[in-house]
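Asks: Pasting in a structure now, in structure tokens, and then I'll have a few things to ask.
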Amino acid sequence: MTSLDTGFSQARHWLRAHPLAFDAGLALAVLACMVTGSFADPHGSPNGPTFGDRTPDATSVLLMVLGAAALVPRRRDPLAVLAFTGSVTLVELITDDRPAPVAMSAVIALYTVASRTDRPTTWRVGLLTMGVLSGAAMLFGPTPWYAQENLGVFAWAGMAAAAGDAVRSRRAFVDAIRERAERAERTRDEEARRRVAEERLRIARDLHDVVAHHIALVNVQAGVASHVMDKRPDQAKEALAHVREASRSALNELRATVGLLRQSGDPEAPTEPAPGLGVLDELLATFRNAGLPVELARADGDAGLPAAVDLAAYRIIQEALTNVQKHAGPDAKAEVSVIRVGRTVEITVLDNGAPQQAEPADTGGHGLIGMRERVTALRGTLTAAPRYGGGFRVQAILPATARTGEDA
């Protein structure tokens, strides 16, 4: 049974790949049916049809051959094939007192037209074909107009048109389903690529924030240690201790961030929570140890923030103070405020240093860009501009509720 199914499947695929061969075989089968039917006489005896009592003449045989041969290119130009087979059928119905069933070729041609054109064309061409062939059979046939063979021409033509239209509709339905499936697949691929790009951007921002902050601290403390190494070794040791602590913290945060790139089966996935305002004092202590005076004012209450907002607030303060450390000058001071206002939280970082360039053109920095992307992703607002009289001001207003609208 499996071998038989395999054979049918292979034959079907071969015929689909060679439609002209299929149409040639169909034409031979139709010719055989027409020739066989031409030997039958529906009124041969009072008891019913007889076979072999009549023989088709040469004209009928020629018309049957022409009608069958016209079916070979039926896919290429179905309307022309229908017109030709319909004309051959009309000639047979008008000229022969006992016409051969040449109408079979016109029925196949009408089915092809219906299956390969639209419905309005099928209606127009089908009604015209049924009317012309049925009218010719009723007017020129040897039997009364109401004879069943005359009505049979009408019925067979109508069934051919209906069957072809049904096949066309099913083919269009399958094509529509396939197109929707392909479009859905493309949409899923595009969504996956978009999510991957967003995740890469988020990880890049985290890496930038971590590296910029800790490397700036290491650079400052290393410079202090180098400067006081000979005269004040105790202070140099303290600076080197801060360097070691900053580098250890940088490595830990880098390990946690890069750990997000692990596959699900990789061992030892990071378990430490992402930094947030809960460890803000530790963050400010690193800047104070690096020589930047920082004052903190908080009025955000005890209610927690959504994880994304909490992380964004921490990173914004970290990046803003890093910019102060790098660009505001040696005597700069900074002020940080975190205030809860209704359903928002306001993060403000001020400094009184020299006018700074937030993103110097020659360094290719992305600090402000990263902050702005974080805030935009959370549907907040960010302003960063020099202060009147000197210094710089960074303020971010973030939603203090989750995106569902519920308080965190």
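As shown in the structure tokens, the chain order sets the letters A, B, ...; within each chain, residues go from 1, and ligands are also counted from 1 in the order they appear.
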Please identify all polymer residues within 7 Å of Ala109 (chain A), counting only C-alpha atoms, omitting same-chain residues fewer than 4 positions from it, and present them as JSON, numbers by chain.
Replies: {"A": [71, 74, 78, 81, 82, 105, 113]}
Asks: Tell me, as a VMD selection string, which residues lie within 8 Å of region 344-346 of chain A, counting only C-alpha atoms; anything in the same chain fewer than 5 positions away does not count.
Replies: chain A and resid 300 337 to 339 395 to 401
Asks: Rank nothing, just name the residue among A:Leu93, A:Ala377, A:Thr85, A:Tyr314 nearest to Thr59 (chain A), using only C-alpha atoms.
Replies: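 Of all the options, A:Leu93 lies closest to Thr59 (chain A).
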Asks: Mind pulling up the distance from CA of Arg200 (chain A) to CA of Glu373 (chain A)?
Replies: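 Computed distance, CA of Glu373 (chain A) to CA of Arg200 (chain A), equals 12.8 Å.
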Asks: Using backbone DSSP assignments, extract all alpha helix (DSSP H) residues from region 280-390 of chain A; output them as a ChimeraX atom specification.
Replies: /A:280-289,307-327,367-377
Asks: Select, from A:Val61, A:Ala385, A:Ala24, A:Val30, the residue with the minimum atom-to-atom distance to Val107 (chain A), counting only C-alpha atoms.
Replies: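 When distances to Val107 (chain A) are compared using only C-alpha atoms, the smallest one comes from A:Val30.
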Asks: Between CA of Met104 (chain A) and CA of Arg171 (chain A), what is the distance in Å, rounded to a tenth?
Replies: 24.4 Å
Asks: Please determine, counting only C-alpha atoms, which residue among A:Ser38, A:Gln318, A:Ala299, A:Ala106 has the shortest atom-to-atom distance to Leu283 (chain A).
Replies: A:Gln318
Asks: Could you tell me which of A:Thr383, A:Glu319, A:Ala27, A:Gly390 comes closest to Arg205 (chain A) if we count only C-alpha atoms?
Replies: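 Of A:Thr383, A:Glu319, A:Ala27, A:Gly390, the one nearest Arg205 (chain A) is A:Glu319, counting only C-alpha atoms.
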